[in-house]
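Student: Quick one, entry12.txt (compact mmCIF, C-alpha atoms and all ligand atoms):
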# COMPACT_ATOMS: atom_id res chain seq x y z
CA MET N 28 -55.47 -24.41 -37.24
CA SER N 29 -54.30 -21.41 -39.33
CA ILE N 30 -56.19 -18.12 -39.58
CA GLN N 31 -56.97 -18.94 -43.20
CA ASN N 32 -58.62 -22.20 -42.15
CA LEU N 33 -60.75 -20.31 -39.63
CA HIS N 34 -61.65 -17.46 -42.02
CA PRO N 35 -61.40 -18.73 -45.59
CA LYS N 36 -62.19 -15.30 -47.08
CA ILE N 37 -59.18 -13.53 -45.45
CA ASP N 38 -56.33 -13.15 -47.95
CA LEU N 39 -53.09 -12.94 -45.94
CA HIS N 40 -51.08 -11.85 -49.00
CA PRO N 41 -53.26 -9.48 -51.06
CA LYS N 42 -51.72 -7.63 -54.04
CA VAL N 43 -53.15 -4.32 -52.82
CA ARG N 44 -53.39 -3.03 -49.25
CA THR N 45 -55.11 -0.02 -47.72
CA VAL N 46 -53.34 2.70 -45.73
CA ALA N 47 -55.55 1.82 -42.74
CA SER N 48 -54.16 -1.72 -42.71
CA THR N 49 -50.63 -0.31 -42.21
CA GLN N 50 -51.39 2.20 -39.45
CA SER N 51 -49.25 1.67 -36.35
CA GLU N 52 -48.80 3.40 -33.01
CA LYS N 53 -46.33 3.40 -30.12
CA THR N 54 -46.33 5.31 -26.82
CA GLU N 55 -43.25 5.80 -24.61
CA ILE N 56 -42.65 7.68 -21.36
CA VAL N 57 -39.56 9.93 -21.41
CA LEU N 58 -37.16 8.69 -18.71
CA PRO N 59 -33.97 10.38 -17.39
CA ASN N 60 -31.76 8.14 -19.60
CA ASP N 61 -33.55 9.48 -22.69
CA THR N 62 -32.78 13.15 -21.97
CA ASN N 63 -29.98 15.73 -22.28
CA MET N 64 -28.73 18.18 -19.59
CA LEU N 65 -31.80 20.37 -20.12
CA GLY N 66 -34.18 17.46 -19.46
CA HIS N 67 -35.20 17.36 -23.14
CA LEU N 68 -35.63 14.09 -25.07
CA LEU N 69 -32.45 13.35 -27.09
CA GLY N 70 -32.90 13.71 -30.86
CA GLY N 71 -31.23 10.33 -31.45
CA ARG N 72 -33.59 8.60 -29.04
CA LEU N 73 -36.58 10.15 -30.81
CA MET N 74 -35.15 9.03 -34.17
CA HIS N 75 -34.90 5.48 -32.77
CA PHE N 76 -38.60 5.58 -31.76
CA ILE N 77 -39.45 6.98 -35.22
CA ASP N 78 -37.48 4.22 -36.96
CA LEU N 79 -39.23 1.50 -34.92
CA THR N 80 -42.73 2.92 -35.42
CA GLY N 81 -42.07 3.43 -39.14
CA ALA N 82 -40.87 -0.18 -39.45
CA MET N 83 -44.13 -1.41 -37.87
CA ALA N 84 -46.16 0.12 -40.73
CA ALA N 85 -43.73 -1.30 -43.31
CA TYR N 86 -43.99 -4.78 -41.73
CA ARG N 87 -47.77 -4.57 -41.81
CA HIS N 88 -47.74 -3.58 -45.46
CA SER N 89 -45.14 -6.03 -46.75
CA ARG N 90 -45.51 -8.94 -44.31
CA ALA N 91 -41.76 -9.42 -44.96
CA ASN N 92 -38.44 -8.47 -43.35
CA VAL N 93 -37.72 -4.78 -43.86
CA VAL N 94 -34.62 -2.59 -43.59
CA THR N 95 -34.45 1.19 -43.30
CA ALA N 96 -33.02 2.53 -46.58
CA ALA N 97 -33.43 6.22 -45.77
CA MET N 98 -34.71 8.64 -43.16
CA ASP N 99 -34.78 11.62 -45.42
CA HIS N 100 -36.73 14.35 -43.74
CA ILE N 101 -37.34 15.08 -40.08
CA ASP N 102 -38.57 18.24 -38.39
CA PHE N 103 -38.05 18.64 -34.63
CA ILE N 104 -40.74 21.25 -33.99
CA ARG N 105 -40.51 21.63 -30.21
CA PRO N 106 -38.72 19.88 -27.33
CA VAL N 107 -40.15 16.88 -25.49
CA ARG N 108 -39.60 17.02 -21.73
CA LEU N 109 -38.68 14.45 -19.07
CA GLY N 110 -41.85 12.67 -17.92
CA ASP N 111 -43.84 13.44 -21.07
CA LEU N 112 -45.68 10.67 -22.90
CA VAL N 113 -44.54 10.45 -26.52
CA THR N 114 -46.98 8.95 -29.00
CA LEU N 115 -45.87 8.08 -32.54
CA LYS N 116 -48.22 7.16 -35.38
CA SER N 117 -47.13 5.75 -38.72
CA SER N 118 -48.60 4.57 -41.99
CA VAL N 119 -47.36 3.74 -45.47
CA ASN N 120 -47.74 6.72 -47.83
CA ARG N 121 -46.90 4.82 -51.00
CA ALA N 122 -45.44 1.48 -52.08
CA PHE N 123 -43.16 1.24 -55.12
CA THR N 124 -41.57 -2.05 -56.29
CA SER N 125 -39.73 -3.23 -53.18
CA SER N 126 -39.67 0.03 -51.22
CA MET N 127 -42.29 1.83 -49.15
CA GLU N 128 -42.36 5.44 -48.02
CA VAL N 129 -43.67 5.68 -44.46
CA GLY N 130 -44.76 8.87 -42.68
CA VAL N 131 -44.38 9.14 -38.91
CA LYS N 132 -45.97 11.86 -36.79
CA VAL N 133 -45.05 12.41 -33.12
CA TRP N 134 -46.98 14.05 -30.27
CA ALA N 135 -45.92 14.77 -26.70
CA GLU N 136 -48.40 14.79 -23.82
CA ASN N 137 -47.75 16.64 -20.57
CA THR N 138 -48.92 14.12 -17.97
CA ARG N 139 -49.83 16.83 -15.43
CA THR N 140 -51.85 19.18 -17.67
CA GLY N 141 -52.91 16.73 -20.38
CA GLU N 142 -51.74 19.22 -23.04
CA VAL N 143 -50.85 17.43 -26.28
CA ALA N 144 -48.54 19.00 -28.91
CA HIS N 145 -47.25 17.88 -32.30
CA VAL N 146 -43.46 17.73 -31.83
CA ALA N 147 -41.98 16.01 -34.89
CA SER N 148 -42.69 14.49 -38.31
CA ALA N 149 -40.52 12.30 -40.50
CA TYR N 150 -40.47 10.37 -43.77
CA LEU N 151 -38.62 7.09 -44.05
CA VAL N 152 -38.05 4.56 -46.82
CA PHE N 153 -38.08 0.86 -45.98
CA VAL N 154 -37.13 -1.94 -48.37
CA ALA N 155 -38.59 -5.45 -48.11
CA LEU N 156 -36.26 -8.44 -48.16
CA ASP N 157 -37.08 -12.12 -48.63
CA GLU N 158 -35.85 -14.95 -46.38
CA GLN N 159 -32.54 -15.01 -48.31
CA GLY N 160 -32.02 -11.28 -47.77
CA ARG N 161 -32.84 -10.42 -51.39
CA VAL N 162 -34.89 -7.36 -52.30
CA ALA N 163 -38.55 -8.48 -52.51
CA ARG N 164 -41.65 -7.10 -54.24
CA VAL N 165 -44.30 -5.51 -52.00
CA PRO N 166 -48.09 -5.16 -52.50
CA GLN N 167 -49.31 -1.87 -53.96
CA LEU N 168 -51.06 0.68 -51.75
CA GLN N 169 -54.57 1.90 -52.42
CA PRO N 170 -55.16 5.40 -50.98
CA GLU N 171 -58.83 5.91 -50.02
CA THR N 172 -59.29 9.33 -48.44
CA PRO N 173 -58.32 12.76 -49.87
CA ASP N 174 -55.47 13.03 -47.31
CA GLU N 175 -54.19 9.58 -48.27
CA VAL N 176 -54.30 10.53 -51.97
CA ARG N 177 -52.34 13.74 -51.24
CA ARG N 178 -49.67 11.83 -49.29
CA TYR N 179 -49.53 9.17 -52.05
CA GLU N 180 -48.86 11.84 -54.70
CA ASP N 181 -46.36 13.73 -52.52
CA ALA N 182 -44.48 10.47 -51.89
CA LEU N 183 -43.72 10.15 -55.61
CA ARG N 184 -42.36 13.71 -55.70
CA ARG N 185 -40.16 12.99 -52.68
CA ARG N 186 -38.88 9.78 -54.30
CA GLU N 187 -37.92 11.73 -57.44
CA HIS N 188 -36.19 14.35 -55.26
CA ARG N 189 -34.30 11.62 -53.37
CA GLU N 190 -33.15 10.08 -56.64
CA ARG N 191 -31.94 13.46 -57.97
CA GLU N 192 -30.07 14.11 -54.70
CA SER N 193 -28.46 10.67 -54.86
CA VAL N 194 -27.20 11.33 -58.41
CA ARG N 195 -25.90 14.75 -57.30
CA ARG N 196 -24.04 13.26 -54.29
CA THR N 197 -22.49 10.51 -56.44
CA ALA N 198 -21.33 13.09 -59.00
CA GLY N 199 -19.82 15.16 -56.14
CA LYS N 200 -17.94 12.15 -54.73
CA LEU N 201 -16.60 11.22 -58.19
CA ALA N 202 -15.41 14.80 -58.75
CA VAL N 203 -13.58 14.83 -55.37
CA ALA N 204 -12.00 11.41 -56.09
CA ALA N 205 -10.84 12.60 -59.52
CA LEU N 206 -9.32 15.76 -57.98
CA GLU N 207 -7.50 13.74 -55.30
CA ALA N 208 -6.17 11.31 -57.93
CA GLU N 209 -4.92 14.26 -60.00
CA GLN N 210 -3.19 15.79 -56.93
CA ASP N 211 -1.55 12.40 -56.11
CA THR N 212 -0.09 12.05 -59.60
CA SER N 213 1.20 15.67 -59.68
CA SER N 214 2.92 15.49 -56.21
C1 LIG J 301 -31.75 -0.89 -48.83
C2 LIG J 301 -30.96 -1.91 -49.64
C3 LIG J 301 -31.52 -3.31 -49.37
C4 LIG J 301 -31.14 -1.57 -51.13
O1 LIG J 301 -30.33 -2.44 -51.84
P1 LIG J 301 -29.95 -2.15 -53.36
O2 LIG J 301 -28.99 -3.17 -53.80
O3 LIG J 301 -29.63 -0.71 -53.53
O4 LIG J 301 -31.31 -2.51 -54.05
P2 LIG J 301 -31.93 -1.90 -55.38
O5 LIG J 301 -30.99 -1.00 -56.10
O6 LIG J 301 -32.51 -3.07 -56.10
O7 LIG J 301 -33.11 -0.99 -54.81
C5 LIG J 301 -34.18 -1.60 -54.12
C6 LIG J 301 -35.12 -0.54 -53.68
O8 LIG J 301 -34.52 0.22 -52.65
C7 LIG J 301 -34.64 1.60 -52.94
N1 LIG J 301 -33.49 2.26 -52.36
C8 LIG J 301 -32.21 1.85 -52.38
N2 LIG J 301 -31.43 2.74 -51.74
C9 LIG J 301 -32.26 3.73 -51.32
C10 LIG J 301 -32.05 4.94 -50.59
N3 LIG J 301 -30.83 5.32 -50.17
N4 LIG J 301 -33.11 5.71 -50.34
C11 LIG J 301 -34.35 5.36 -50.74
N5 LIG J 301 -34.60 4.22 -51.44
C12 LIG J 301 -33.57 3.42 -51.71
C13 LIG J 301 -34.66 1.66 -54.45
O9 LIG J 301 -35.27 2.86 -54.92
C14 LIG J 301 -35.50 0.46 -54.78
O10 LIG J 301 -36.87 0.76 -54.62
P3 LIG J 301 -38.02 0.10 -55.58
O11 LIG J 301 -37.71 -1.38 -55.68
O12 LIG J 301 -39.28 0.32 -54.85
O13 LIG J 301 -37.91 0.80 -56.87
C15 LIG J 301 -29.44 -1.88 -49.29
O14 LIG J 301 -28.90 -0.63 -49.67
C16 LIG J 301 -29.18 -2.14 -47.83
O15 LIG J 301 -29.22 -3.27 -47.38
N6 LIG J 301 -28.89 -1.08 -47.08
C17 LIG J 301 -28.63 -1.19 -45.65
C18 LIG J 301 -29.95 -1.23 -44.89
C19 LIG J 301 -29.73 -1.20 -43.41
O16 LIG J 301 -28.88 -1.89 -42.90
N7 LIG J 301 -30.50 -0.36 -42.73
C20 LIG J 301 -30.34 -0.10 -41.35
C21 LIG J 301 -29.29 0.93 -41.20
S1 LIG J 301 -29.46 1.82 -39.76
Write the structure described by the file as structure tokens, please.

Tutor:
Amino acid sequence: MSIQNLHPKIDLHPKVRTVASTQSEKTEIVLPNDTNMLGHLLGGRLMHFIDLTGAMAAYRHSRANVVTAAMDHIDFIRPVRLGDLVTLKSSVNRAFTSSMEVGVKVWAENTRTGEVAHVASAYLVFVALDEQGRVARVPQLQPETPDEVRRYEDALRRREHRERESVRRTAGKLAVAALEAEQDTSS
């Protein structure tokens, strides 16, 4: 029997979802294989945890396959040490047509002292794909609290910034290609 048969009022594919319904969490213990020579968690390993935790929120929002389109901003505020517990929390900040901006915040806990510190934050963009791998529409997000509204508005500004940067990078690549072509023909 499906969930919908058990609870006829639950809509598994609503057109609008809340931020709370996307919230996700993951905790890892930092092992020797995760660290550098100083016994600090490797940045790449932390980015992997961030990617996974971000994807969880995007899955919960879209209920579809998702791919990471961008990890556009990450601050490593302080090192995470061997033996620490790392907790990551994510939620969707805003949904657009097929893409979702997800915020991930990371804390490290010293297992001996119990001290907990904010160590990193990141924004990622995930894109939903259908079963054929085509870009798919996602539900809209309804922010409810003042913090959620602030993040929702900031997400639009970051999207506009990302788009401007993408245009700037493309123009830069075209200019370099044109210069190289000119040098090839003159040599
Ligand atoms: C992400 C991907 C599906 C987008 O495909 P595309 O052909 O550019 O699709 P579109 O141009 O229709 O854009 C679809 C959405 O993706 C967003 N998008 C595409 N590239 C993006 C980027 N670099 N950063 C942020 N958003 C991006 C678009 O803004 C659009 O969002 P919207 O529908 O909400 O407006 C495609 O680039 C891809 O498959 N990339 C590889 C993903 C991957 O393998 N990730 C893991 C790598 S570690």

Student: How would you report the residues lying within 9 Å of ligand LIG 301 (chain J), as a PDB file with C-alpha atoms, keeping the file's coordinate frame, if you count all atoms listed in the file?

Tutor:
ATOM      1  CA  ASP N  78     -37.480   4.220 -36.960  1.00  0.00           C
ATOM      2  CA  VAL N  93     -37.720  -4.780 -43.860  1.00  0.00           C
ATOM      3  CA  VAL N  94     -34.620  -2.590 -43.590  1.00  0.00           C
ATOM      4  CA  THR N  95     -34.450   1.190 -43.300  1.00  0.00           C
ATOM      5  CA  ALA N  96     -33.020   2.530 -46.580  1.00  0.00           C
ATOM      6  CA  ALA N  97     -33.430   6.220 -45.770  1.00  0.00           C
ATOM      7  CA  MET N  98     -34.710   8.640 -43.160  1.00  0.00           C
ATOM      8  CA  ASP N  99     -34.780  11.620 -45.420  1.00  0.00           C
ATOM      9  CA  ALA N 122     -45.440   1.480 -52.080  1.00  0.00           C
ATOM     10  CA  PHE N 123     -43.160   1.240 -55.120  1.00  0.00           C
ATOM     11  CA  THR N 124     -41.570  -2.050 -56.290  1.00  0.00           C
ATOM     12  CA  SER N 125     -39.730  -3.230 -53.180  1.00  0.00           C
ATOM     13  CA  SER N 126     -39.670   0.030 -51.220  1.00  0.00           C
ATOM     14  CA  MET N 127     -42.290   1.830 -49.150  1.00  0.00           C
ATOM     15  CA  GLU N 128     -42.360   5.440 -48.020  1.00  0.00           C
ATOM     16  CA  LEU N 151     -38.620   7.090 -44.050  1.00  0.00           C
ATOM     17  CA  VAL N 152     -38.050   4.560 -46.820  1.00  0.00           C
ATOM     18  CA  PHE N 153     -38.080   0.860 -45.980  1.00  0.00           C
ATOM     19  CA  VAL N 154     -37.130  -1.940 -48.370  1.00  0.00           C
ATOM     20  CA  ALA N 155     -38.590  -5.450 -48.110  1.00  0.00           C
ATOM     21  CA  LEU N 156     -36.260  -8.440 -48.160  1.00  0.00           C
ATOM     22  CA  GLY N 160     -32.020 -11.280 -47.770  1.00  0.00           C
ATOM     23  CA  ARG N 161     -32.840 -10.420 -51.390  1.00  0.00           C
ATOM     24  CA  VAL N 162     -34.890  -7.360 -52.300  1.00  0.00           C
ATOM     25  CA  ALA N 163     -38.550  -8.480 -52.510  1.00  0.00           C
ATOM     26  CA  ARG N 164     -41.650  -7.100 -54.240  1.00  0.00           C
ATOM     27  CA  VAL N 165     -44.300  -5.510 -52.000  1.00  0.00           C
ATOM     28  CA  ARG N 186     -38.880   9.780 -54.300  1.00  0.00           C
ATOM     29  CA  ARG N 189     -34.300  11.620 -53.370  1.00  0.00           C
ATOM     30  CA  GLU N 190     -33.150  10.080 -56.640  1.00  0.00           C
ATOM     31  CA  SER N 193     -28.460  10.670 -54.860  1.00  0.00           C
TER      32      SER N 193
END

Student: Record the distance separating atom CA of Leu69 of chain N and atom CA of His88 of chain N, expressed in Å with one decimal.

Tutor: 29.3 Å

Student: Excluding segment 56-61 of chain N and any residue of its chain fewer than 2 positions from it, enumerate the residues within 8 Å of it, using all atoms listed in the file, and give them as a list in words.

Tutor: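 Counting only the stated atoms, we get Thr54, Asn63, Gly66, Leu68, Leu69, Arg72, Arg108, Leu109, Gly110, Asp111, Leu112 and Val113 of chain N.
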
Student: In Å, rounded to a single decimal, give me how far atom CA of Lys132 of chain N is from atom CA of His100 of chain N.

Tutor: 11.8 Å

Student: Which residue is closest to Pro106 of chain N? Choose from N:Ala198, N:Ala135, N:Val176, N:Ala149 and count only C-alpha atoms.

Tutor: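 Smallest distance to Pro106 of chain N is found for N:Ala135.
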
Student: Calculated over only C-alpha atoms, which of the candidates N:Ala47, N:Ile101, N:Leu79, N:Val107 has the smallest distance to Leu65 of chain N?

Tutor: N:Val107

Student: Atom CA of Val143 of chain N and atom CA of Asp181 of chain N are how many Å apart?

Tutor: 26.9 Å

Student: Could you name the residues that touch Arg105 of chain N at 9 Å or less, counting only C-alpha atoms, but leaving out those on the same chain fewer than 3 positions away, as a list of chain:residue names?

Tutor: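 Listing them by chain and then by number gives N:Ala144, N:His145, N:Val146, N:Ala147.
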
Student: In terms of the shortest atom-to-atom distance over all atoms listed in the file, which of N:Arg139, N:His67, N:His75, N:Arg90 is closest to Thr49 of chain N?

Tutor: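 Under the stated criterion, the closest residue is N:Arg90.
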